$ cat work.txt   # compact mmCIF, C-alpha atoms and all ligand atoms
# COMPACT_ATOMS: atom_id res chain seq x y z
CA MET A 14 0.00 0.00 0.00
CA LYS A 15 1.30 3.45 -0.97
CA ILE A 16 0.40 6.15 1.55
CA LEU A 17 0.77 9.88 0.92
CA VAL A 18 0.97 11.95 4.10
CA ILE A 19 0.13 15.65 3.74
CA GLY A 20 1.76 18.09 6.17
CA SER A 21 5.10 19.34 7.39
CA GLY A 22 5.25 19.15 11.18
CA ALA A 23 6.51 16.80 13.87
CA ARG A 24 3.06 15.21 13.92
CA GLU A 25 3.50 14.24 10.28
CA HIS A 26 7.03 13.05 10.97
CA ALA A 27 5.64 10.74 13.68
CA LEU A 28 2.84 9.56 11.35
CA VAL A 29 5.40 8.84 8.61
CA ARG A 30 7.64 6.83 10.96
CA SER A 31 4.75 4.79 12.34
CA LEU A 32 3.24 4.06 8.92
CA LYS A 33 6.64 3.11 7.54
CA ARG A 34 7.02 0.39 10.18
CA ASP A 35 4.02 -1.52 8.82
CA ASP A 36 4.64 -4.47 6.49
CA GLY A 37 4.07 -3.79 2.81
CA VAL A 38 3.67 -0.03 3.23
CA GLU A 39 5.46 2.63 1.21
CA VAL A 40 5.19 6.19 2.57
CA ILE A 41 5.55 9.47 0.70
CA CYS A 42 5.15 12.90 2.30
CA ALA A 43 4.28 16.33 0.93
CA PRO A 44 5.56 18.87 1.55
CA GLY A 45 7.32 17.33 4.55
CA ASN A 46 10.36 18.96 6.13
CA ALA A 47 14.11 18.45 6.35
CA GLY A 48 13.78 15.64 8.90
CA ILE A 49 10.97 13.81 7.14
CA ALA A 50 13.06 13.91 3.95
CA LEU A 51 15.66 11.73 5.72
CA ASP A 52 13.05 8.99 6.20
CA VAL A 53 10.92 9.03 3.03
CA VAL A 54 10.62 10.64 -0.39
CA THR A 55 9.04 14.10 -0.14
CA HIS A 56 7.33 16.21 -2.80
CA SER A 57 6.53 19.90 -2.78
CA VAL A 58 2.82 20.72 -2.79
CA ASP A 59 0.54 23.60 -1.94
CA GLN A 60 -1.27 21.68 0.78
CA VAL A 61 -4.35 23.92 0.89
CA ASN A 62 -4.81 23.73 -2.89
CA ALA A 63 -7.12 20.78 -3.56
CA ASP A 64 -6.18 20.49 -7.23
CA SER A 65 -2.46 20.27 -6.53
CA VAL A 66 -2.93 17.65 -3.77
CA VAL A 67 -5.20 15.53 -6.00
CA ALA A 68 -2.72 15.81 -8.89
CA LEU A 69 0.13 14.68 -6.65
CA ALA A 70 -1.89 11.78 -5.20
CA GLN A 71 -2.64 10.63 -8.76
CA THR A 72 0.94 11.06 -9.93
CA VAL A 73 2.34 8.93 -7.12
CA ALA A 74 -0.64 6.49 -7.37
CA ALA A 75 -1.46 6.77 -3.67
CA ASP A 76 -3.75 4.09 -2.25
CA LEU A 77 -4.44 6.24 0.79
CA VAL A 78 -3.93 9.93 1.57
CA VAL A 79 -3.53 10.92 5.23
CA ILE A 80 -4.08 14.62 5.89
CA GLY A 81 -2.24 15.89 8.97
CA PRO A 82 -3.09 19.57 9.55
CA GLU A 83 -6.43 21.36 9.80
CA ALA A 84 -5.92 23.94 7.05
CA PRO A 85 -6.22 21.50 4.09
CA LEU A 86 -9.25 19.89 5.72
CA VAL A 87 -11.05 23.20 6.17
CA ALA A 88 -10.08 24.06 2.57
CA GLY A 89 -11.87 20.94 1.27
CA VAL A 90 -8.84 18.92 0.23
CA ALA A 91 -10.35 15.67 1.60
CA ASP A 92 -13.56 16.32 -0.40
CA ALA A 93 -11.58 16.73 -3.61
CA LEU A 94 -9.54 13.57 -3.01
CA ARG A 95 -12.67 11.51 -2.33
CA ALA A 96 -14.35 12.99 -5.40
CA ALA A 97 -11.35 11.73 -7.37
CA GLY A 98 -11.90 8.25 -5.91
CA ILE A 99 -8.86 8.25 -3.62
CA PRO A 100 -9.33 6.77 -0.13
CA THR A 101 -8.62 9.61 2.30
CA PHE A 102 -8.08 9.85 6.03
CA GLY A 103 -9.53 13.17 7.14
CA PRO A 104 -12.94 14.82 7.29
CA SER A 105 -14.78 16.85 4.66
CA ALA A 106 -14.72 20.64 4.88
CA ALA A 107 -18.27 20.56 6.25
CA ALA A 108 -17.27 18.15 9.03
CA ALA A 109 -13.96 19.94 9.76
CA ARG A 110 -16.04 22.92 10.89
CA LEU A 111 -16.07 21.11 14.25
CA GLU A 112 -12.56 22.54 14.55
CA GLY A 113 -12.82 25.51 12.19
CA SER A 114 -15.64 27.24 14.05
CA LYS A 115 -15.98 27.23 17.82
CA ALA A 116 -19.58 28.41 17.44
CA PHE A 117 -20.45 25.49 15.15
CA ALA A 118 -18.83 23.04 17.59
CA LYS A 119 -20.92 24.47 20.44
CA ASP A 120 -24.06 24.08 18.36
CA VAL A 121 -23.29 20.42 17.56
CA MET A 122 -22.50 19.72 21.22
CA GLN A 123 -25.76 21.28 22.31
CA SER A 124 -27.77 19.17 19.82
CA ALA A 125 -25.88 16.02 20.81
CA GLY A 126 -26.15 16.64 24.56
CA VAL A 127 -22.36 16.71 24.93
CA PRO A 128 -21.13 18.39 28.14
CA THR A 129 -19.09 21.56 27.49
CA ALA A 130 -18.48 25.00 29.01
CA ARG A 131 -21.40 27.45 28.88
CA ALA A 132 -20.55 30.09 26.29
CA HIS A 133 -21.74 33.18 24.42
CA LEU A 134 -20.85 34.07 20.83
CA CYS A 135 -20.27 37.85 20.71
CA MET A 136 -20.05 40.13 17.68
CA ALA A 137 -20.05 43.44 19.59
CA LEU A 138 -18.13 44.77 22.59
CA ASP A 139 -21.32 45.40 24.59
CA ASP A 140 -22.08 41.70 24.40
CA VAL A 141 -18.49 40.95 25.40
CA ASP A 142 -18.84 43.08 28.55
CA ALA A 143 -22.08 41.36 29.49
CA ALA A 144 -20.58 37.89 28.97
CA LEU A 145 -17.43 38.74 30.97
CA ASP A 146 -19.66 39.95 33.83
CA GLU A 147 -21.82 36.85 33.69
CA PHE A 148 -19.00 34.28 33.84
CA GLY A 149 -16.53 36.26 35.98
CA SER A 150 -12.81 35.61 36.44
CA PRO A 151 -10.82 33.70 35.22
CA TYR A 152 -11.97 34.91 31.81
CA VAL A 153 -11.84 32.62 28.76
CA VAL A 154 -11.86 34.46 25.41
CA LYS A 155 -11.61 32.54 22.12
CA ASP A 156 -11.28 33.70 18.54
CA ASP A 157 -14.12 32.05 16.59
CA GLY A 158 -11.90 31.11 13.63
CA LEU A 159 -8.91 28.81 13.16
CA ALA A 160 -5.98 29.97 15.26
CA ALA A 161 -3.70 26.94 15.66
CA GLY A 162 -4.29 26.85 19.41
CA LYS A 163 -3.09 30.41 19.83
CA GLY A 164 -6.39 32.33 19.59
CA VAL A 165 -7.39 31.63 23.17
CA VAL A 166 -6.69 33.89 26.13
CA VAL A 167 -7.33 32.69 29.67
CA THR A 168 -6.70 35.47 32.18
CA THR A 169 -7.81 36.96 35.47
CA ASP A 170 -7.24 40.46 34.04
CA ARG A 171 -10.46 41.89 32.63
CA GLU A 172 -8.67 44.46 30.46
CA THR A 173 -6.55 41.74 28.79
CA ALA A 174 -9.67 39.65 28.21
CA ARG A 175 -11.57 42.59 26.71
CA ASN A 176 -8.65 43.64 24.51
CA HIS A 177 -8.33 40.13 23.06
CA ALA A 178 -12.09 40.05 22.38
CA GLN A 179 -11.81 43.39 20.58
CA LEU A 180 -8.95 42.06 18.42
CA CYS A 181 -10.99 38.98 17.47
CA ILE A 182 -14.05 41.06 16.54
CA GLU A 183 -12.22 43.82 14.71
CA GLY A 184 -9.38 41.69 13.30
CA ARG A 185 -11.29 40.61 10.21
CA PRO A 186 -14.67 41.23 8.56
CA GLY A 187 -17.40 39.30 10.35
CA GLY A 188 -15.02 38.63 13.26
CA ALA A 189 -16.57 37.03 16.31
CA VAL A 190 -15.45 35.88 19.71
CA VAL A 191 -16.60 33.16 22.08
CA ILE A 192 -16.60 34.01 25.81
CA GLU A 193 -17.06 31.02 28.07
CA GLU A 194 -17.04 29.81 31.63
CA TYR A 195 -13.71 28.71 33.10
CA LEU A 196 -13.23 24.95 33.49
CA ASP A 197 -11.16 23.80 36.46
CA GLY A 198 -9.34 20.45 36.53
CA PRO A 199 -6.68 18.69 34.46
CA GLU A 200 -6.88 18.55 30.67
CA VAL A 201 -6.92 15.40 28.56
CA SER A 202 -6.52 14.99 24.80
CA LEU A 203 -8.45 11.95 23.62
CA PHE A 204 -8.27 10.98 19.94
CA ALA A 205 -10.79 8.80 18.17
CA VAL A 206 -10.54 7.31 14.72
CA THR A 207 -13.95 7.18 13.05
CA ASP A 208 -15.42 6.39 9.66
CA GLY A 209 -18.55 8.41 10.34
CA VAL A 210 -20.31 5.55 12.15
CA THR A 211 -17.89 3.48 14.25
CA VAL A 212 -15.62 5.13 16.83
CA ILE A 213 -12.31 3.68 18.04
CA ALA A 214 -10.60 5.67 20.79
CA LEU A 215 -6.83 5.85 21.11
CA SER A 216 -4.90 6.10 24.38
CA PRO A 217 -5.41 9.41 26.24
CA ALA A 218 -2.59 11.97 26.42
CA GLN A 219 -1.93 15.27 28.16
CA ASP A 220 -0.56 18.30 26.36
CA PHE A 221 1.25 21.30 27.88
CA LYS A 222 -0.08 24.45 26.26
CA ARG A 223 1.76 27.24 28.06
CA VAL A 224 5.23 28.14 26.90
CA PHE A 225 7.06 28.11 30.27
CA ASP A 226 7.41 25.70 33.20
CA ASP A 227 4.62 25.68 35.79
CA ASP A 228 2.13 26.69 33.06
CA GLU A 229 3.43 30.24 32.89
CA GLY A 230 3.42 32.48 29.81
CA PRO A 231 1.20 32.54 26.73
CA ASN A 232 -0.58 29.58 25.11
CA THR A 233 1.28 27.78 22.32
CA GLY A 234 0.45 24.97 19.90
CA GLY A 235 1.80 22.62 22.61
CA MET A 236 5.19 22.33 24.31
CA GLY A 237 5.15 18.64 25.19
CA ALA A 238 2.93 15.68 25.99
CA TYR A 239 2.82 12.30 27.65
CA SER A 240 0.75 9.13 27.54
CA PRO A 241 -0.81 7.22 29.24
CA LEU A 242 -2.24 9.18 32.17
CA PRO A 243 -1.63 7.20 35.37
CA TRP A 244 -3.95 9.52 37.32
CA ALA A 245 -6.97 9.28 35.01
CA PRO A 246 -10.04 7.31 36.12
CA VAL A 247 -10.02 3.82 34.52
CA THR A 248 -13.47 4.46 33.06
CA LEU A 249 -12.43 7.72 31.37
CA VAL A 250 -12.12 6.42 27.81
CA SER A 251 -15.36 4.43 27.81
CA GLU A 252 -17.25 7.35 29.37
CA VAL A 253 -15.92 9.80 26.80
CA ILE A 254 -16.85 7.42 23.97
CA ASP A 255 -20.41 7.15 25.34
CA ASP A 256 -20.93 10.79 26.38
CA VAL A 257 -18.86 12.73 23.84
CA LEU A 258 -17.36 10.93 20.84
CA GLN A 259 -20.18 8.63 19.70
CA PRO A 260 -22.94 11.25 20.23
CA THR A 261 -20.90 13.82 18.26
CA VAL A 262 -20.23 11.40 15.39
CA ASP A 263 -23.93 10.42 15.36
CA GLU A 264 -25.04 14.07 15.36
CA MET A 265 -22.73 14.90 12.45
CA ALA A 266 -24.17 11.96 10.48
CA ARG A 267 -27.73 13.05 11.36
CA ARG A 268 -26.93 16.50 9.92
CA GLY A 269 -25.84 14.92 6.65
CA THR A 270 -22.17 15.83 7.18
CA PRO A 271 -20.65 12.63 8.58
CA PHE A 272 -17.31 13.09 10.32
CA SER A 273 -14.69 10.65 9.06
CA GLY A 274 -11.07 10.82 10.18
CA LEU A 275 -9.60 11.81 13.52
CA LEU A 276 -11.88 13.40 16.07
CA TYR A 277 -9.83 15.00 18.82
CA ALA A 278 -11.65 15.80 22.03
CA GLY A 279 -9.87 18.32 24.25
CA LEU A 280 -11.37 17.66 27.68
CA ALA A 281 -11.25 19.15 31.16
CA LEU A 282 -11.90 16.79 34.08
CA THR A 283 -13.69 19.31 36.28
CA SER A 284 -15.27 19.16 39.72
CA ARG A 285 -18.61 18.91 37.92
CA GLY A 286 -17.59 16.13 35.56
CA THR A 287 -15.85 15.82 32.20
CA ARG A 288 -16.38 18.75 29.84
CA VAL A 289 -15.28 19.30 26.24
CA ILE A 290 -12.97 22.30 25.85
CA GLU A 291 -12.70 21.96 22.09
CA PHE A 292 -12.81 19.59 19.18
CA ASN A 293 -10.12 19.28 16.56
CA ALA A 294 -10.57 17.52 13.24
CA ARG A 295 -7.06 16.02 13.08
CA PHE A 296 -4.34 14.40 15.14
CA GLY A 297 -3.03 16.66 17.91
CA ASP A 298 0.51 17.95 17.79
CA PRO A 299 2.54 17.03 19.90
CA GLU A 300 0.21 14.41 21.50
CA THR A 301 0.37 12.20 18.38
CA GLN A 302 4.09 11.69 18.93
CA VAL A 303 3.42 9.94 22.28
CA VAL A 304 0.20 8.17 21.36
CA LEU A 305 1.79 6.56 18.29
CA ALA A 306 4.90 5.65 20.31
CA ARG A 307 2.65 3.33 22.33
CA LEU A 308 0.44 1.94 19.56
CA ALA A 309 1.29 -1.72 18.89
CA SER A 310 -1.33 -2.31 16.17
CA PRO A 311 -0.55 -1.30 12.57
CA LEU A 312 -1.49 2.35 12.05
CA SER A 313 -1.90 1.93 8.28
CA SER A 314 -4.74 -0.62 8.66
CA LEU A 315 -6.54 1.63 11.14
CA LEU A 316 -6.40 4.74 8.95
CA PHE A 317 -7.28 2.75 5.82
CA ALA A 318 -10.33 1.28 7.62
CA SER A 319 -11.50 4.81 8.45
CA ALA A 320 -11.02 5.93 4.85
CA THR A 321 -12.89 2.91 3.47
CA GLU A 322 -15.69 2.85 6.08
CA THR A 323 -14.76 -0.56 7.41
CA LEU A 324 -13.89 0.30 11.02
CA SER A 325 -16.67 -1.89 12.43
CA SER A 326 -14.68 -4.96 11.42
CA HIS A 327 -11.32 -3.59 12.63
CA PRO A 328 -9.76 -5.56 15.51
CA ALA A 329 -9.40 -3.90 18.93
CA LEU A 330 -6.23 -1.84 19.24
CA GLU A 331 -3.23 -3.12 21.14
CA TRP A 332 -0.99 -0.86 23.22
CA LYS A 333 2.54 -1.21 24.51
CA ASP A 334 2.91 -1.35 28.25
CA SER A 335 5.24 1.69 28.27
CA SER A 336 5.02 5.40 28.98
CA ALA A 337 5.97 7.93 26.32
CA ILE A 338 6.94 11.60 26.61
CA THR A 339 7.67 14.20 23.97
CA VAL A 340 9.40 17.53 24.61
CA VAL A 341 9.20 20.40 22.12
CA MET A 342 12.41 22.32 21.48
CA ALA A 343 11.27 25.77 20.40
CA ALA A 344 12.89 28.67 18.56
CA GLU A 345 13.98 31.88 20.22
CA GLY A 346 10.95 34.15 20.57
CA TYR A 347 8.32 31.39 20.19
CA PRO A 348 5.32 31.78 20.34
CA ASP A 349 5.17 35.56 19.83
CA ALA A 350 7.98 36.18 17.33
CA PRO A 351 9.97 33.02 16.50
CA GLN A 352 13.42 33.64 15.00
CA SER A 353 14.57 31.49 12.08
CA GLY A 354 18.04 30.64 10.89
CA ALA A 355 19.94 29.21 13.88
CA VAL A 356 22.05 26.16 13.01
CA ILE A 357 21.05 22.98 14.87
CA THR A 358 23.73 20.60 16.14
CA GLY A 359 23.56 17.16 17.79
CA LEU A 360 20.89 15.66 15.53
CA VAL A 361 22.20 12.14 15.85
CA ASP A 362 19.88 9.12 15.85
CA HIS A 363 19.84 7.24 19.12
CA ASP A 364 18.31 4.01 20.42
CA THR A 365 16.68 5.59 23.44
CA PHE A 366 14.81 8.50 21.83
CA ASP A 367 13.31 9.68 18.55
CA ILE A 368 13.81 13.11 17.02
CA PHE A 369 10.79 14.35 15.07
CA HIS A 370 11.35 17.48 13.01
CA ALA A 371 8.84 20.32 12.93
CA GLY A 372 10.35 23.66 11.88
CA THR A 373 13.64 22.71 10.22
CA ARG A 374 15.20 23.11 6.79
CA ARG A 375 18.64 22.56 5.25
CA ASN A 376 20.82 25.54 4.35
CA ASP A 377 23.21 25.69 1.38
CA ASP A 378 25.92 23.95 3.42
CA GLY A 379 23.56 21.07 4.24
CA ASP A 380 23.19 22.09 7.89
CA PHE A 381 19.82 21.77 9.60
CA VAL A 382 18.55 25.22 10.55
CA VAL A 383 15.55 26.55 12.45
CA SER A 384 12.64 27.49 10.18
CA GLY A 385 9.61 27.55 12.49
CA GLY A 386 8.47 28.18 16.07
CA ARG A 387 8.33 24.58 17.19
CA VAL A 388 11.58 23.14 15.85
CA LEU A 389 11.93 19.55 17.09
CA CYS A 390 10.02 17.06 19.21
CA VAL A 391 12.28 14.72 21.14
CA THR A 392 10.27 11.63 22.08
CA ALA A 393 11.16 8.72 24.36
CA SER A 394 9.47 5.69 25.88
CA GLY A 395 10.25 4.13 29.25
CA SER A 396 8.90 1.61 31.72
CA ASP A 397 7.12 4.46 33.52
CA LEU A 398 7.03 8.27 33.35
CA VAL A 399 10.11 8.67 35.55
CA ASP A 400 12.11 6.44 33.19
CA ALA A 401 10.71 8.14 30.09
CA ARG A 402 11.52 11.59 31.51
CA ARG A 403 15.12 10.58 32.09
CA ARG A 404 15.45 9.34 28.52
CA VAL A 405 13.69 12.22 26.83
CA TYR A 406 15.64 14.94 28.64
CA GLU A 407 18.88 13.09 27.95
CA GLY A 408 17.93 13.40 24.28
CA VAL A 409 17.08 17.09 24.60
CA SER A 410 20.42 17.78 26.28
CA GLN A 411 22.31 16.53 23.20
CA ILE A 412 20.71 18.93 20.73
CA HIS A 413 21.62 22.59 20.50
CA PHE A 414 20.72 25.78 18.66
CA ALA A 415 20.96 29.45 19.56
CA GLY A 416 17.93 30.71 21.44
CA GLU A 417 16.52 27.20 21.99
CA HIS A 418 14.02 26.83 24.83
CA HIS A 419 11.89 23.97 26.15
CA ARG A 420 9.87 23.10 29.21
CA THR A 421 11.66 21.04 31.84
CA ASP A 422 8.49 19.87 33.59
CA ILE A 423 6.74 17.76 30.93
CA ALA A 424 4.99 14.88 32.77
CA LEU A 425 6.72 15.87 36.03
CA LYS A 426 3.60 16.23 38.18
CA ALA A 427 2.17 13.01 36.78
CA ALA A 428 5.46 11.21 37.49
CA LEU A 429 5.33 12.50 41.08
CA GLY A 430 1.67 11.50 41.50
CA GLU A 431 0.65 15.14 41.92
CA VAL A 432 -2.12 15.42 39.32
CA ASN A 433 -5.53 15.37 40.98
CA VAL A 434 -8.98 15.23 39.44
CA PRO A 435 -11.19 17.56 41.52
P1 LIG B 1 -8.67 25.69 22.81
O1 LIG B 1 -8.03 26.28 21.58
O2 LIG B 1 -10.15 25.91 22.88
O3 LIG B 1 -8.26 24.28 23.05
O4 LIG B 1 -8.02 26.41 24.05
C1 LIG B 1 -6.63 26.39 24.27
C2 LIG B 1 -6.34 26.19 25.72
O5 LIG B 1 -6.95 27.23 26.51
C3 LIG B 1 -6.93 24.92 26.30
O6 LIG B 1 -6.14 23.80 26.07
C4 LIG B 1 -7.01 25.26 27.76
O7 LIG B 1 -5.74 25.17 28.37
C5 LIG B 1 -7.40 26.71 27.74
N1 LIG B 1 -8.86 26.80 27.81
C6 LIG B 1 -9.72 26.86 26.78
N2 LIG B 1 -11.01 26.93 27.20
C7 LIG B 1 -10.96 26.90 28.55
C8 LIG B 1 -11.97 26.97 29.58
N3 LIG B 1 -13.27 27.08 29.30
N4 LIG B 1 -11.56 26.92 30.85
C9 LIG B 1 -10.23 26.81 31.14
N5 LIG B 1 -9.25 26.78 30.24
C10 LIG B 1 -9.60 26.83 28.95
N1 LIG B 2 -1.70 20.10 20.95
C1 LIG B 2 -2.89 20.78 20.65
C2 LIG B 2 -3.38 20.65 19.29
O1 LIG B 2 -2.91 19.86 18.50
O2 LIG B 2 -4.32 21.37 18.96

$ encode --input "work.txt" --output "structure tokens"
Amino acid sequence: MKILVIGSGAREHALVRSLKRDDGVEVICAPGNAGIALDVVTHSVDQVNADSVVALAQTVAADLVVIGPEAPLVAGVADALRAAGIPTFGPSAAAARLEGSKAFAKDVMQSAGVPTARAHLCMALDDVDAALDEFGSPYVVKDDGLAAGKGVVVTTDRETARNHAQLCIEGRPGGAVVIEEYLDGPEVSLFAVTDGVTVIALSPAQDFKRVFDDDEGPNTGGMGAYSPLPWAPVTLVSEVIDDVLQPTVDEMARRGTPFSGLLYAGLALTSRGTRVIEFNARFGDPETQVVLARLASPLSSLLFASATETLSSHPALEWKDSSAITVVMAAEGYPDAPQSGAVITGLVDHDTFDIFHAGTRRNDDGDFVVSGGRVLCVTASGSDLVDARRRVYEGVSQIHFAGEHHRTDIALKAALGEVNVP
């Protein structure tokens, strides 16, 4: 089977490596990045241009296309591939609105009876003021459009909250902002593979959104992740399938826009029960790096079964009995103003950790240089989180570039048994 992976981040690098391990699978990636190009053949492509992705898939005779990021999905690339008769892992543009519009996701959750934060969609500052008063501090203010995890401000400062709301409303024509109640409790990222009918959940992970240790600083796309979650209730996955994932998939089918691909539920385990923070329509980055590190079943069969609507006959997934951690090494200035160009040293393959590339390219001398905010994801497995932390940070310590920064506390509280569900 020939699989074309679309995307250029560490998530796609992890997908490529996992798919490549399966028997009888050839993997191609477009556009990929400098690290992915070490593992498989890469092609350039305009990934949000449906015609160019379809043309490439036909040229390489792909049996399956796996779309990594949200932008091609929202742009209808999966629709175009399916229309051309190519099995595709990833939802239609209509279904990807679950990620592309917070307001749409809230509407689906309300119809499906899925528990989430109470929220108001505001188009004017008067409505913003009323909503901020109603919910009180801490304030949660979300851009209604796609923002790669960076459009959300959570703050106890009313002025900061109001200013962000104003930016969202005035930033583009028809701009809108969602103001919602604050959810206490630890966050969980739970991924499900679905073909629009059947739902198969993967192993839960936790992501670290803030840029600095102890959850300080602004939100990012994610600075690290680990899986599994030793502190999570044993019934978590089955409850989320019953209360969140299956009802959402059923509601999307009822609306005539079935969701096929990866449904990512971002959850908060609050004192009042599990609540959905957000949906994404694709694998999470960097959570995928740790979830796939633990998956023992072939990934290619799972994604192909989603694309061909045969998940109901797919065998139950098997998981390794290990813990996995990934740590993001970020560029100077990330997330506000990442600086490109620094030369990266120490990129040597090792038995005890994997290096997934995100924002890297080769310069004229062949050196790897920084070309994005999140640069590398160092990923390691161990017998438990303490062991995995030792291995992953040993990996991080061997890689260097000017201005590099990373969190030192990924999975630390979980390893110490200090994560509590209220
Ligand atoms: P989102 O893009 O909706 O996932 O939000 C990004 C991050 O903001 C989440 O992962 C949470 O850390 C935080 N966040 C979003 N909504 C809430 C909420 N209602 N209460 C508390 N934190 C939130
Ligand atoms: N790690 C968060 C996301 O992929 O949206």

$ residues_near_ligand --input "work.txt" --ligand "ligand LIG 2 (chain B)" --cutoff "7 Å" --atoms "only C-alpha atoms and all ligand atoms" --output "PyMOL selection string"
chain A and resi 161-162+220+234-235+293+296-300

$ closest_residue --input "work.txt" --among "A:Ala278, A:Leu134, A:Ala309, A:Leu111" --to "Asp256 of chain A" --atoms "only C-alpha atoms"
A:Ala278

$ residues_around --input "work.txt" --residues "Ala427 of chain A" --least-positions-apart "5" --cutoff "9 Å" --atoms "only C-alpha atoms" --output "PDB file with C-alpha atoms, keeping the file's coordinate frame"
ATOM      1  CA  LEU A 242      -2.240   9.180  32.170  1.00  0.00           C
ATOM      2  CA  PRO A 243      -1.630   7.200  35.370  1.00  0.00           C
ATOM      3  CA  TRP A 244      -3.950   9.520  37.320  1.00  0.00           C
ATOM      4  CA  LEU A 398       7.030   8.270  33.350  1.00  0.00           C
ATOM      5  CA  VAL A 432      -2.120  15.420  39.320  1.00  0.00           C
TER       6      VAL A 432
END

$ residues_around --input "work.txt" --residues "Thr373 of chain A" --least-positions-apart "2" --cutoff "9 Å" --atoms "all atoms listed in the file" --output "PyMOL selection string"
chain A and resi 46-48+357+370-371+375+381-385+387-389

$ closest_atom_pairs --input "work.txt" --of "chain A" --to "ligand LIG 1 (chain B)" --cutoff "10 Å" --atoms "all atoms listed in the file" --output "CSV"
residue,atom,partner,partner_atom,distance
A:Glu112,CA,B:LIG1,O1,9.2
A:Lys115,CA,B:LIG1,O2,7.8
A:Thr129,CA,B:LIG1,N3,8.2
A:Ala130,CA,B:LIG1,N3,5.6
A:Arg131,CA,B:LIG1,N3,8.1
A:Ala132,CA,B:LIG1,N3,8.4
A:Pro151,CA,B:LIG1,C9,8.0
A:Tyr152,CA,B:LIG1,N4,8.1
A:Val153,CA,B:LIG1,C8,5.7
A:Val154,CA,B:LIG1,N2,7.8
A:Lys155,CA,B:LIG1,O2,6.8
A:Asp156,CA,B:LIG1,O1,8.7
A:Asp157,CA,B:LIG1,O2,9.6
A:Leu159,CA,B:LIG1,O1,8.8
A:Ala160,CA,B:LIG1,O1,7.6
A:Ala161,CA,B:LIG1,O1,7.4
A:Gly162,CA,B:LIG1,O1,4.4
A:Lys163,CA,B:LIG1,O1,6.7
A:Gly164,CA,B:LIG1,O1,6.6
A:Val165,CA,B:LIG1,O4,5.3
A:Val166,CA,B:LIG1,O5,6.7
A:Val167,CA,B:LIG1,N5,6.2
A:Thr168,CA,B:LIG1,N5,9.3
A:Val191,CA,B:LIG1,O2,9.7
A:Ile192,CA,B:LIG1,N3,8.4
A:Glu193,CA,B:LIG1,N3,5.6
A:Glu194,CA,B:LIG1,N3,5.2
A:Tyr195,CA,B:LIG1,N4,3.6
A:Leu196,CA,B:LIG1,N4,3.7
A:Asp197,CA,B:LIG1,C9,6.2
A:Gly198,CA,B:LIG1,C9,8.4
A:Pro199,CA,B:LIG1,O7,8.9
A:Glu200,CA,B:LIG1,O6,7.0
A:Val201,CA,B:LIG1,O6,8.8
A:Ser202,CA,B:LIG1,O6,8.9
A:Gln219,CA,B:LIG1,O6,9.7
A:Asp220,CA,B:LIG1,O6,7.8
A:Phe221,CA,B:LIG1,O7,8.0
A:Lys222,CA,B:LIG1,O7,6.1
A:Arg223,CA,B:LIG1,O7,7.8
A:Asp228,CA,B:LIG1,O7,9.3
A:Pro231,CA,B:LIG1,O5,9.7
A:Asn232,CA,B:LIG1,C2,6.7
A:Thr233,CA,B:LIG1,C1,8.3
A:Gly234,CA,B:LIG1,C1,8.4
A:Gly235,CA,B:LIG1,O6,8.7
A:Ala278,CA,B:LIG1,O3,9.2
A:Gly279,CA,B:LIG1,O3,6.3
A:Leu280,CA,B:LIG1,O6,8.2
A:Ala281,CA,B:LIG1,C9,7.7
A:Thr283,CA,B:LIG1,N4,9.6
A:Arg288,CA,B:LIG1,N3,8.9
A:Val289,CA,B:LIG1,N3,8.6
A:Ile290,CA,B:LIG1,N2,5.2
A:Glu291,CA,B:LIG1,O2,4.8
A:Phe292,CA,B:LIG1,O3,7.6
A:Asn293,CA,B:LIG1,O3,8.4

$ closest_residue --input "work.txt" --among "A:His133, A:Arg402, A:Arg307, A:Arg374" --to "Lys426 of chain A" --atoms "all atoms listed in the file"
A:Arg402

$ atom_distance --input "work.txt" --atom1 "atom CA of Ala144 of chain A" --atom2 "atom CA of Gly184 of chain A"
19.6 Å

$ closest_residue --input "work.txt" --among "A:Ala238, A:Leu312, A:Ile368, A:Val247" --to "Ile338 of chain A" --atoms "all atoms listed in the file"
A:Ala238

$ atom_distance --input "work.txt" --atom1 "atom CA of Val190 of chain A" --atom2 "atom CA of Asp140 of chain A"
10.0 Å

$ closest_atom_pairs --input "work.txt" --of "segment 31-108 of chain A" --to "segment 21-27 of chain A" --cutoff "6 Å" --atoms "only C-alpha atoms" --output "tab-separated table"
residue	atom	partner	partner_atom	distance
A:Pro44	CA	A:Ser21	CA	5.9
A:Gly45	CA	A:Ser21	CA	4.1
A:Asn46	CA	A:Ser21	CA	5.4
A:Ile49	CA	A:His26	CA	5.5

$ write_last_selection --input "work.txt" --atoms "C-alpha atoms" --output "short mmCIF file (atom, residue, chain, number, x, y, z; two decimals), in the coordinates of the input"
data_model
loop_
_atom_site.label_atom_id
_atom_site.label_comp_id
_atom_site.auth_asym_id
_atom_site.auth_seq_id
_atom_site.Cartn_x
_atom_site.Cartn_y
_atom_site.Cartn_z
CA PRO A 44 5.56 18.87 1.55
CA GLY A 45 7.32 17.33 4.55
CA ASN A 46 10.36 18.96 6.13
CA ILE A 49 10.97 13.81 7.14
#

$ atom_distance --input "work.txt" --atom1 "atom CA of Ala355 of chain A" --atom2 "atom CA of Gly81 of chain A"
26.3 Å
